[in-house]
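Novice: My structure is stored as target.pdb, with PDB, C-alpha atoms.
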```pdb
MODEL        1
ATOM      1  CA  MET A   6     175.457  -5.060 -35.491
ATOM      2  CA  ALA A   7     172.028  -4.778 -33.966
ATOM      3  CA  SER A   8     170.952  -1.232 -33.222
ATOM      4  CA  PRO A   9     169.342  -0.377 -29.859
ATOM      5  CA  LYS A  10     166.052  -0.108 -31.722
ATOM      6  CA  ALA A  11     166.488  -3.581 -33.196
ATOM      7  CA  GLY A  12     167.143  -4.779 -29.655
ATOM      8  CA  ALA A  13     163.943  -3.156 -28.467
ATOM      9  CA  ALA A  14     162.018  -4.920 -31.199
ATOM     10  CA  ALA A  15     163.389  -8.241 -29.956
ATOM     11  CA  HIS A  16     161.360  -7.895 -26.777
ATOM     12  CA  LEU A  17     158.049  -7.306 -28.441
ATOM     13  CA  GLY A  18     155.849 -10.268 -27.752
ATOM     14  CA  SER A  19     153.372 -10.827 -30.546
ATOM     15  CA  PRO A  20     152.618 -10.227 -34.220
ATOM     16  CA  ASP A  21     150.238  -7.466 -33.070
ATOM     17  CA  ASP A  22     153.111  -5.750 -31.265
ATOM     18  CA  ILE A  23     155.301  -5.898 -34.368
ATOM     19  CA  GLU A  24     152.412  -4.635 -36.492
ATOM     20  CA  GLN A  25     151.877  -1.721 -34.136
ATOM     21  CA  GLN A  26     155.576  -0.867 -34.320
ATOM     22  CA  PHE A  27     155.436  -1.014 -38.132
ATOM     23  CA  TYR A  28     152.578   1.492 -38.348
ATOM     24  CA  GLU A  29     154.006   3.738 -35.628
ATOM     25  CA  ALA A  30     157.303   3.847 -37.539
ATOM     26  CA  LEU A  31     155.413   4.825 -40.708
ATOM     27  CA  GLN A  32     153.585   7.564 -38.793
ATOM     28  CA  GLN A  33     156.867   8.807 -37.333
ATOM     29  CA  GLY A  34     158.858   8.453 -40.552
ATOM     30  CA  ASP A  35     161.438   6.501 -38.498
ATOM     31  CA  ILE A  36     163.391   4.310 -40.906
ATOM     32  CA  GLU A  37     165.450   2.515 -38.219
ATOM     33  CA  ARG A  38     162.366   1.599 -36.211
ATOM     34  CA  LEU A  39     160.643   0.521 -39.412
ATOM     35  CA  MET A  40     163.458  -1.738 -40.560
ATOM     36  CA  ALA A  41     163.757  -3.304 -37.074
ATOM     37  CA  VAL A  42     160.404  -5.026 -37.535
ATOM     38  CA  TRP A  43     161.620  -7.009 -40.572
ATOM     39  CA  ALA A  44     163.125 -10.486 -40.383
ATOM     40  CA  ASP A  45     166.805 -10.895 -41.248
ATOM     41  CA  ASP A  46     166.165 -12.906 -44.411
ATOM     42  CA  GLU A  47     167.134 -12.201 -48.005
ATOM     43  CA  ASP A  48     163.664 -13.189 -49.240
ATOM     44  CA  ILE A  49     161.587 -10.645 -47.324
ATOM     45  CA  VAL A  50     159.251  -8.937 -49.800
ATOM     46  CA  CYS A  51     157.396  -5.642 -50.000
ATOM     47  CA  VAL A  52     154.928  -4.311 -52.561
ATOM     48  CA  HIS A  53     153.715  -0.722 -52.179
ATOM     49  CA  PRO A  54     150.364   0.351 -53.679
ATOM     50  CA  GLY A  55     150.770   0.456 -57.451
ATOM     51  CA  GLY A  56     154.466  -0.327 -57.149
ATOM     52  CA  PRO A  57     156.823  -3.144 -58.100
ATOM     53  CA  ARG A  58     157.888  -6.055 -55.920
ATOM     54  CA  MET A  59     160.942  -5.403 -53.779
ATOM     55  CA  VAL A  60     163.013  -8.257 -52.402
ATOM     56  CA  GLY A  61     165.501  -7.962 -49.543
ATOM     57  CA  ALA A  62     166.171  -5.409 -46.821
ATOM     58  CA  ARG A  63     168.225  -2.983 -48.898
ATOM     59  CA  ALA A  64     165.628  -2.579 -51.634
ATOM     60  CA  ILE A  65     162.869  -2.283 -49.019
ATOM     61  CA  ARG A  66     164.800   0.286 -46.967
ATOM     62  CA  ALA A  67     165.504   2.356 -50.081
ATOM     63  CA  SER A  68     161.790   2.415 -50.954
ATOM     64  CA  PHE A  69     160.765   3.624 -47.492
ATOM     65  CA  ASP A  70     163.636   6.142 -47.450
ATOM     66  CA  ALA A  71     162.228   7.564 -50.681
ATOM     67  CA  MET A  72     158.715   7.699 -49.196
ATOM     68  CA  PHE A  73     159.911   9.352 -45.976
ATOM     69  CA  SER A  74     161.785  12.008 -47.974
ATOM     70  CA  ASN A  75     158.267  13.323 -48.699
ATOM     71  CA  GLY A  76     157.221  13.108 -45.037
ATOM     72  CA  SER A  77     155.843  10.455 -42.702
ATOM     73  CA  ILE A  78     152.884   8.241 -43.626
ATOM     74  CA  GLN A  79     149.690   8.624 -41.622
ATOM     75  CA  ALA A  80     148.488   5.030 -42.014
ATOM     76  CA  GLU A  81     146.215   3.355 -39.465
ATOM     77  CA  PRO A  82     145.362  -0.351 -39.767
ATOM     78  CA  GLU A  83     141.647  -1.132 -39.530
ATOM     79  CA  GLN A  84     139.425  -4.182 -40.082
ATOM     80  CA  VAL A  85     142.243  -6.541 -39.130
ATOM     81  CA  ARG A  86     141.675 -10.221 -39.982
ATOM     82  CA  ARG A  87     144.150 -12.552 -38.300
ATOM     83  CA  LEU A  88     145.159 -16.080 -39.187
ATOM     84  CA  GLN A  89     147.879 -17.638 -37.069
ATOM     85  CA  THR A  90     149.926 -20.810 -36.698
ATOM     86  CA  HIS A  91     152.515 -21.248 -33.969
ATOM     87  CA  SER A  92     155.315 -19.977 -36.208
ATOM     88  CA  ALA A  93     153.546 -17.590 -38.579
ATOM     89  CA  ALA A  94     150.768 -15.003 -38.629
ATOM     90  CA  VAL A  95     148.907 -13.529 -41.577
ATOM     91  CA  HIS A  96     147.185 -10.201 -40.946
ATOM     92  CA  SER A  97     144.934  -8.705 -43.585
ATOM     93  CA  VAL A  98     144.271  -5.044 -42.866
ATOM     94  CA  VAL A  99     142.598  -2.088 -44.485
ATOM     95  CA  GLU A 100     144.911   0.886 -44.008
ATOM     96  CA  ARG A 101     143.291   4.282 -43.647
ATOM     97  CA  ILE A 102     145.774   6.820 -45.000
ATOM     98  CA  ARG A 103     145.277  10.459 -44.104
ATOM     99  CA  VAL A 104     146.407  12.676 -46.944
ATOM    100  CA  MET A 105     146.321  16.458 -47.370
ATOM    101  CA  THR A 106     144.691  17.635 -50.572
ATOM    102  CA  GLU A 107     143.763  21.030 -51.998
ATOM    103  CA  GLU A 108     140.302  20.434 -50.520
ATOM    104  CA  GLY A 109     141.783  19.728 -47.069
ATOM    105  CA  PRO A 110     142.516  16.437 -45.264
ATOM    106  CA  GLN A 111     141.067  13.304 -46.852
ATOM    107  CA  SER A 112     141.247   9.566 -46.261
ATOM    108  CA  ALA A 113     142.411   6.981 -48.757
ATOM    109  CA  TRP A 114     142.242   3.233 -48.263
ATOM    110  CA  VAL A 115     144.776   0.537 -48.960
ATOM    111  CA  ALA A 116     144.330  -3.248 -48.676
ATOM    112  CA  ALA A 117     147.437  -4.791 -47.139
ATOM    113  CA  THR A 118     148.588  -8.307 -46.316
ATOM    114  CA  ASN A 119     151.211  -8.441 -43.566
ATOM    115  CA  VAL A 120     152.970 -11.723 -42.801
ATOM    116  CA  TYR A 121     154.997 -12.350 -39.663
ATOM    117  CA  VAL A 122     157.109 -15.336 -38.660
ATOM    118  CA  GLN A 123     158.560 -16.430 -35.352
ATOM    119  CA  THR A 124     162.342 -16.011 -35.536
ATOM    120  CA  ALA A 125     165.143 -16.549 -33.009
ATOM    121  CA  LEU A 126     164.699 -12.864 -32.112
ATOM    122  CA  GLY A 127     160.920 -13.062 -31.811
ATOM    123  CA  TRP A 128     158.165 -12.223 -34.272
ATOM    124  CA  ARG A 129     159.273 -10.365 -37.375
ATOM    125  CA  MET A 130     157.625  -9.152 -40.595
ATOM    126  CA  VAL A 131     158.528 -11.098 -43.736
ATOM    127  CA  ALA A 132     156.016  -9.681 -46.232
ATOM    128  CA  HIS A 133     154.058  -6.462 -46.689
ATOM    129  CA  HIS A 134     151.892  -6.380 -49.814
ATOM    130  CA  ALA A 135     149.701  -3.317 -50.249
ATOM    131  CA  SER A 136     147.405  -2.232 -53.046
ATOM    132  CA  PRO A 137     144.943   0.608 -53.537
ATOM    133  CA  GLY A 138     141.378  -0.070 -52.467
ATOM    134  CA  SER A 139     138.179   1.878 -52.558
ATOM    135  CA  PRO A 140     136.302   2.074 -49.256
ATOM    136  CA  ARG A 141     133.007   1.145 -50.868
ATOM    137  CA  GLU A 142     134.331  -1.993 -52.503
ATOM    138  CA  ILE A 143     136.289  -3.078 -49.444
ATOM    139  CA  HIS A 144     133.373  -2.632 -47.096
ATOM    140  CA  ASP A 145     130.945  -4.372 -49.425
ATOM    141  CA  ILE A 146     133.018  -7.492 -49.869
ATOM    142  CA  VAL A 147     134.028  -7.814 -46.249
ATOM    143  CA  GLU A 148     130.423  -7.410 -45.166
ATOM    144  CA  THR A 149     129.345 -10.066 -47.649
ATOM    145  CA  GLY A 150     131.981 -12.394 -46.230
ATOM    146  CA  SER A 151     130.847 -11.752 -42.676
ATOM    147  CA  VAL A 152     127.207 -12.412 -43.431
ATOM    148  CA  LEU A 153     127.964 -15.659 -45.149
ATOM    149  CA  HIS A 154     130.072 -17.144 -42.372
TER     150      HIS A 154
ATOM    151  CA  MET B   3     131.362 -33.430 -47.558
ATOM    152  CA  ALA B   4     134.763 -33.436 -49.161
ATOM    153  CA  SER B   5     134.678 -33.731 -52.933
ATOM    154  CA  PRO B   6     136.996 -36.183 -54.699
ATOM    155  CA  LYS B   7     139.042 -33.193 -55.819
ATOM    156  CA  ALA B   8     139.375 -31.913 -52.260
ATOM    157  CA  GLY B   9     140.514 -35.403 -51.340
ATOM    158  CA  ALA B  10     143.139 -35.308 -54.051
ATOM    159  CA  ALA B  11     144.438 -32.022 -52.702
ATOM    160  CA  ALA B  12     144.868 -33.617 -49.281
ATOM    161  CA  HIS B  13     147.620 -35.832 -50.630
ATOM    162  CA  LEU B  14     149.718 -33.062 -52.117
ATOM    163  CA  GLY B  15     152.914 -32.822 -50.158
ATOM    164  CA  SER B  16     154.307 -29.305 -50.211
ATOM    165  CA  PRO B  17     153.482 -25.623 -50.630
ATOM    166  CA  ASP B  18     154.942 -25.913 -54.147
ATOM    167  CA  ASP B  19     152.456 -28.690 -54.943
ATOM    168  CA  ILE B  20     149.550 -26.581 -53.722
ATOM    169  CA  GLU B  21     150.836 -23.592 -55.664
ATOM    170  CA  GLN B  22     151.064 -25.683 -58.821
ATOM    171  CA  GLN B  23     147.497 -26.875 -58.309
ATOM    172  CA  PHE B  24     146.339 -23.272 -57.806
ATOM    173  CA  TYR B  25     147.826 -22.114 -61.122
ATOM    174  CA  GLU B  26     146.719 -25.225 -63.007
ATOM    175  CA  ALA B  27     143.182 -24.650 -61.757
ATOM    176  CA  LEU B  28     143.348 -21.036 -62.984
ATOM    177  CA  GLN B  29     144.589 -22.230 -66.386
ATOM    178  CA  GLN B  30     141.819 -24.812 -66.548
ATOM    179  CA  GLY B  31     139.110 -22.530 -65.187
ATOM    180  CA  ASP B  32     138.313 -25.332 -62.693
ATOM    181  CA  ILE B  33     136.556 -23.735 -59.710
ATOM    182  CA  GLU B  34     136.363 -26.941 -57.620
ATOM    183  CA  ARG B  35     140.064 -27.668 -58.041
ATOM    184  CA  LEU B  36     140.839 -24.029 -57.293
ATOM    185  CA  MET B  37     138.809 -23.914 -54.091
ATOM    186  CA  ALA B  38     140.335 -27.216 -52.892
ATOM    187  CA  VAL B  39     143.708 -25.510 -52.400
ATOM    188  CA  TRP B  40     142.300 -23.069 -49.823
ATOM    189  CA  ALA B  41     142.326 -23.694 -46.071
ATOM    190  CA  ASP B  42     139.009 -24.211 -44.317
ATOM    191  CA  ASP B  43     139.194 -20.983 -42.320
ATOM    192  CA  GLU B  44     136.842 -18.020 -42.267
ATOM    193  CA  ASP B  45     139.748 -15.559 -42.421
ATOM    194  CA  ILE B  46     141.297 -16.662 -45.713
ATOM    195  CA  VAL B  47     141.843 -13.572 -47.857
ATOM    196  CA  CYS B  48     142.184 -12.815 -51.556
ATOM    197  CA  VAL B  49     142.949  -9.564 -53.374
ATOM    198  CA  HIS B  50     142.830  -9.581 -57.188
ATOM    199  CA  PRO B  51     144.815  -6.992 -59.188
ATOM    200  CA  GLY B  52     143.130  -3.640 -58.737
ATOM    201  CA  GLY B  53     140.321  -5.244 -56.759
ATOM    202  CA  PRO B  54     138.983  -5.107 -53.210
ATOM    203  CA  ARG B  55     139.857  -7.460 -50.344
ATOM    204  CA  MET B  56     137.732 -10.566 -50.146
ATOM    205  CA  VAL B  57     137.441 -12.530 -46.917
ATOM    206  CA  GLY B  58     136.175 -16.095 -46.628
ATOM    207  CA  ALA B  59     135.621 -18.957 -49.053
ATOM    208  CA  ARG B  60     132.262 -17.841 -50.390
ATOM    209  CA  ALA B  61     133.387 -14.359 -51.374
ATOM    210  CA  ILE B  62     136.584 -15.799 -52.881
ATOM    211  CA  ARG B  63     134.699 -18.481 -54.817
ATOM    212  CA  ALA B  64     132.259 -15.898 -56.173
ATOM    213  CA  SER B  65     135.137 -13.743 -57.429
ATOM    214  CA  PHE B  66     136.791 -16.636 -59.279
ATOM    215  CA  ASP B  67     133.419 -17.789 -60.620
ATOM    216  CA  ALA B  68     132.982 -14.314 -62.103
ATOM    217  CA  MET B  69     136.477 -14.407 -63.620
ATOM    218  CA  PHE B  70     135.984 -17.900 -65.073
ATOM    219  CA  SER B  71     132.707 -16.794 -66.668
ATOM    220  CA  ASN B  72     135.007 -14.894 -69.063
ATOM    221  CA  GLY B  73     137.278 -17.907 -69.604
ATOM    222  CA  SER B  74     140.239 -19.499 -67.867
ATOM    223  CA  ILE B  75     143.265 -17.497 -66.748
ATOM    224  CA  GLN B  76     146.595 -18.227 -68.415
ATOM    225  CA  ALA B  77     148.790 -17.308 -65.450
ATOM    226  CA  GLU B  78     152.261 -18.808 -64.945
ATOM    227  CA  PRO B  79     154.233 -18.111 -61.760
ATOM    228  CA  GLU B  80     157.813 -16.953 -62.345
ATOM    229  CA  GLN B  81     160.652 -15.568 -60.216
ATOM    230  CA  VAL B  82     159.392 -17.399 -57.131
ATOM    231  CA  ARG B  83     160.926 -16.289 -53.814
ATOM    232  CA  ARG B  84     160.225 -18.694 -50.961
ATOM    233  CA  LEU B  85     160.310 -18.142 -47.233
ATOM    234  CA  GLN B  86     159.260 -21.063 -45.066
ATOM    235  CA  THR B  87     158.783 -22.055 -41.433
ATOM    236  CA  HIS B  88     157.631 -25.522 -40.415
ATOM    237  CA  SER B  89     153.999 -24.475 -40.384
ATOM    238  CA  ALA B  90     153.830 -21.699 -42.977
ATOM    239  CA  ALA B  91     155.269 -20.721 -46.342
ATOM    240  CA  VAL B  92     155.306 -17.341 -48.051
ATOM    241  CA  HIS B  93     155.813 -17.396 -51.818
ATOM    242  CA  SER B  94     156.300 -14.169 -53.719
ATOM    243  CA  VAL B  95     155.793 -14.707 -57.431
ATOM    244  CA  VAL B  96     155.609 -12.679 -60.601
ATOM    245  CA  GLU B  97     152.697 -14.027 -62.610
ATOM    246  CA  ARG B  98     152.984 -13.887 -66.385
ATOM    247  CA  ILE B  99     149.440 -13.599 -67.733
ATOM    248  CA  ARG B 100     148.862 -14.353 -71.395
ATOM    249  CA  VAL B 101     146.091 -12.177 -72.769
ATOM    250  CA  MET B 102     144.656 -11.870 -76.261
ATOM    251  CA  THR B 103     144.512  -8.323 -77.582
ATOM    252  CA  GLU B 104     143.580  -6.772 -80.929
ATOM    253  CA  GLU B 105     147.306  -6.867 -81.744
ATOM    254  CA  GLY B 106     147.500 -10.587 -80.916
ATOM    255  CA  PRO B 107     148.674 -12.423 -77.786
ATOM    256  CA  GLN B 108     150.508 -10.323 -75.212
ATOM    257  CA  SER B 109     151.920 -10.850 -71.715
ATOM    258  CA  ALA B 110     150.999  -8.873 -68.646
ATOM    259  CA  TRP B 111     152.680  -9.185 -65.264
ATOM    260  CA  VAL B 112     151.212  -9.365 -61.797
ATOM    261  CA  ALA B 113     153.067  -9.358 -58.464
ATOM    262  CA  ALA B 114     151.477 -11.884 -56.106
ATOM    263  CA  THR B 115     152.048 -12.960 -52.522
ATOM    264  CA  ASN B 116     150.784 -16.467 -51.772
ATOM    265  CA  VAL B 117     150.712 -17.730 -48.192
ATOM    266  CA  TYR B 118     150.292 -21.378 -47.234
ATOM    267  CA  VAL B 119     149.903 -22.984 -43.824
ATOM    268  CA  GLN B 120     150.197 -26.553 -42.652
ATOM    269  CA  THR B 121     146.712 -27.768 -41.729
ATOM    270  CA  ALA B 122     145.373 -31.097 -40.520
ATOM    271  CA  LEU B 123     144.746 -31.904 -44.202
ATOM    272  CA  GLY B 124     148.196 -30.797 -45.356
ATOM    273  CA  TRP B 125     149.406 -27.533 -46.840
ATOM    274  CA  ARG B 126     146.682 -25.100 -47.848
ATOM    275  CA  MET B 127     146.539 -21.545 -49.202
ATOM    276  CA  VAL B 128     145.362 -18.896 -46.745
ATOM    277  CA  ALA B 129     146.153 -15.699 -48.665
ATOM    278  CA  HIS B 130     146.529 -14.656 -52.306
ATOM    279  CA  HIS B 131     147.276 -10.967 -52.787
ATOM    280  CA  ALA B 132     147.919  -9.847 -56.356
ATOM    281  CA  SER B 133     148.538  -6.444 -57.867
ATOM    282  CA  PRO B 134     149.458  -5.162 -61.319
ATOM    283  CA  GLY B 135     153.163  -4.832 -62.036
ATOM    284  CA  SER B 136     155.174  -3.626 -64.962
ATOM    285  CA  PRO B 137     157.845  -6.040 -66.179
ATOM    286  CA  ARG B 138     160.496  -3.323 -66.276
ATOM    287  CA  GLU B 139     159.966  -2.231 -62.694
ATOM    288  CA  ILE B 140     159.698  -5.751 -61.348
ATOM    289  CA  HIS B 141     162.865  -6.929 -63.054
ATOM    290  CA  ASP B 142     164.828  -3.848 -62.016
ATOM    291  CA  ILE B 143     164.044  -4.128 -58.350
ATOM    292  CA  VAL B 144     164.498  -7.870 -58.100
ATOM    293  CA  GLU B 145     167.857  -7.623 -59.872
ATOM    294  CA  THR B 146     168.926  -4.884 -57.478
ATOM    295  CA  GLY B 147     167.946  -7.107 -54.573
ATOM    296  CA  SER B 148     169.882 -10.049 -55.935
ATOM    297  CA  VAL B 149     173.045  -8.047 -56.494
ATOM    298  CA  LEU B 150     172.950  -6.641 -53.007
ATOM    299  CA  HIS B 151     172.551  -9.959 -51.197
TER     300      HIS B 151
ENDMDL
END
```
Would you write out, as structure tokens, the structure that this file holds?
Specialist:
Amino acid sequence: MASPKAGAAAHLGSPDDIEQQFYEALQQGDIERLMAVWADDEDIVCVHPGGPRMVGARAIRASFDAMFSNGSIQAEPEQVRRLQTHSAAVHSVVERIRVMTEEGPQSAWVAATNVYVQTALGWRMVAHHASPGSPREIHDIVETGSVLH
Amino acid sequence: MASPKAGAAAHLGSPDDIEQQFYEALQQGDIERLMAVWADDEDIVCVHPGGPRMVGARAIRASFDAMFSNGSIQAEPEQVRRLQTHSAAVHSVVERIRVMTEEGPQSAWVAATNVYVQTALGWRMVAHHASPGSPREIHDIVETGSVLH
């Protein structure tokens, strides 16, 4: 049965809308809103930074449940690179994660690839692959790419 | 000008064919064959295990050139999960990498997300995102996913 939140997701119009909902759900620690962005497909995949591959909604939900048990995730997508066909969209983002340390609030960076496909219900996420990045390295390589093209 | 190898890639028929060419090129350390699988788009992205995000063909080529300067890469895709629309394909693979250590040959595992889109020249890779995985973790989570679906 579709939840009201899944219904709300159905009316979102673009991959950017779904991406925004994904990061808002992380920031809010809202597991239902988070899962509503995913496609209903047994081969959806998720890789958290430093973690294993998870396949399917139940494994993915369990991983986010475990993360949210420690609080919400203050992740903001930046430096978004978009590549789109009429039925799929690939967004490469650098996530800025705000974390509290003994020295006060700090930022960490994560490189993430988010893939969305057009489904009968609208755009939905089918893959989220994230890995730790250093800001220096990420900025250097992206800048090199920009200069060369 | 398209090289003969780029021309050969144009006749490959499916995302699986392009994926096979990608891994064969890694195993052969063949940079031209490797670059021929990529789409001609400035937003193609590549993340190597533990590495930064690279955007665009020149940055990606430079990274593989650097890797090949140490030899070819004995990577075999396993446990492939496929998700496809008519213009895009998302393959999640576990790469088995054969490496030579002081104790002899060993295997390492990498979780990779490969994304292909249908272009005017046929299927081409637009994203390769790879991160280190441990075999135990990867097998556990995938098996959990399979049981649940």
Novice: Find the spatial neighbours of Asp42 (chain B), counting all atoms listed in the file, within a cut-off of 10 Å - ignore same-chain residues fewer than 4 positions away - and output them as a list in words.
Specialist: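 Final neighbour list, sorted by chain and number: Met37, Ala38, Ile46, Gly58, Ala59, Thr121, Leu123, Arg126, Met127 and Val128 of chain B.
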Novice: Up to 10 Å from (152.8, -10.8, -64.5) in the file's coordinates: name the residues, counting only C-alpha atoms, as a PyMOL selection string.
Specialist: chain B and resi 77-80+95-100+109-114+132-137+140
Novice: Could you save the residues just selected, with C-alpha atoms, as an mmCIF file, keeping the file's coordinate frame?
Specialist:
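File selection_28.cif, as written:
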```
data_model
loop_
_atom_site.group_PDB
_atom_site.id
_atom_site.type_symbol
_atom_site.label_atom_id
_atom_site.label_comp_id
_atom_site.auth_asym_id
_atom_site.auth_seq_id
_atom_site.Cartn_x
_atom_site.Cartn_y
_atom_site.Cartn_z
ATOM 1 C CA ALA B 77 148.790 -17.308 -65.450
ATOM 2 C CA GLU B 78 152.261 -18.808 -64.945
ATOM 3 C CA PRO B 79 154.233 -18.111 -61.760
ATOM 4 C CA GLU B 80 157.813 -16.953 -62.345
ATOM 5 C CA VAL B 95 155.793 -14.707 -57.431
ATOM 6 C CA VAL B 96 155.609 -12.679 -60.601
ATOM 7 C CA GLU B 97 152.697 -14.027 -62.610
ATOM 8 C CA ARG B 98 152.984 -13.887 -66.385
ATOM 9 C CA ILE B 99 149.440 -13.599 -67.733
ATOM 10 C CA ARG B 100 148.862 -14.353 -71.395
ATOM 11 C CA SER B 109 151.920 -10.850 -71.715
ATOM 12 C CA ALA B 110 150.999 -8.873 -68.646
ATOM 13 C CA TRP B 111 152.680 -9.185 -65.264
ATOM 14 C CA VAL B 112 151.212 -9.365 -61.797
ATOM 15 C CA ALA B 113 153.067 -9.358 -58.464
ATOM 16 C CA ALA B 114 151.477 -11.884 -56.106
ATOM 17 C CA ALA B 132 147.919 -9.847 -56.356
ATOM 18 C CA SER B 133 148.538 -6.444 -57.867
ATOM 19 C CA PRO B 134 149.458 -5.162 -61.319
ATOM 20 C CA GLY B 135 153.163 -4.832 -62.036
ATOM 21 C CA SER B 136 155.174 -3.626 -64.962
ATOM 22 C CA PRO B 137 157.845 -6.040 -66.179
ATOM 23 C CA ILE B 140 159.698 -5.751 -61.348
#
```
Novice: Just so the selection is clear, what residues does the PyMOL selection byres ((chain B and resi 63-67) around 10) cover here, as a list of chain:residue names?
Specialist: B:Leu28, B:Gly31, B:Asp32, B:Ile33, B:Glu34, B:Leu36, B:Met37, B:Cys48, B:Val49, B:His50, B:Gly53, B:Met56, B:Gly58, B:Ala59, B:Arg60, B:Ala61, B:Ile62, B:Ala68, B:Met69, B:Phe70, B:Ser71, B:Asn72, B:Gly73, B:Ser74, B:Ile75
Novice: In Å, with one decimal, what is the gap from CA of Trp128 (chain A) to CA of Ala90 (chain B)?
Specialist: 13.6 Å
Novice: Name the closest residue to chain B among the candidates A:Thr106, A:Gln33, A:His134, A:Ala125; distances are taken between atoms, counting all atoms listed in the file.
Specialist: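 The closest residue to chain B is A:His134.
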Novice: A:Arg38, A:Ala30, A:Asp22, A:Val95: which is nearest chain B, counting only C-alpha atoms?
Specialist: A:Val95
Novice: Choose the residue, out of B:Arg83, B:His88, B:His93, B:His130, that has the smallest atom-to-atom separation from Trp40 (chain B); count only C-alpha atoms.
Specialist: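 Closest to Trp40 (chain B), using only C-alpha atoms: B:His130.
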Novice: Counting only C-alpha atoms, which residue out of B:Gln108, B:Gly52, B:Asp43, B:Met102 sits closest to Leu88 (chain A)?
Specialist: B:Asp43
Novice: Counting all atoms listed in the file, which residue out of B:Ala91, B:Glu104, B:Val57, B:Pro17 sits closest to chain A?
Specialist: B:Val57
Novice: Work out how far apart CA of Ala132 (chain A) and CA of Arg55 (chain B) are and give it in Å to one decimal.
Specialist: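 These two atoms are separated by 16.8 Å.
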Novice: Between CA of Val50 (chain A) and CA of Val101 (chain B), what is the distance in Å, rounded to a tenth?
Specialist: 26.7 Å
Novice: Using all atoms listed in the file, which residue out of B:Ile20, B:Gln76, B:Gly106, B:Ala41 lies closest to chain A?
Specialist: B:Ala41
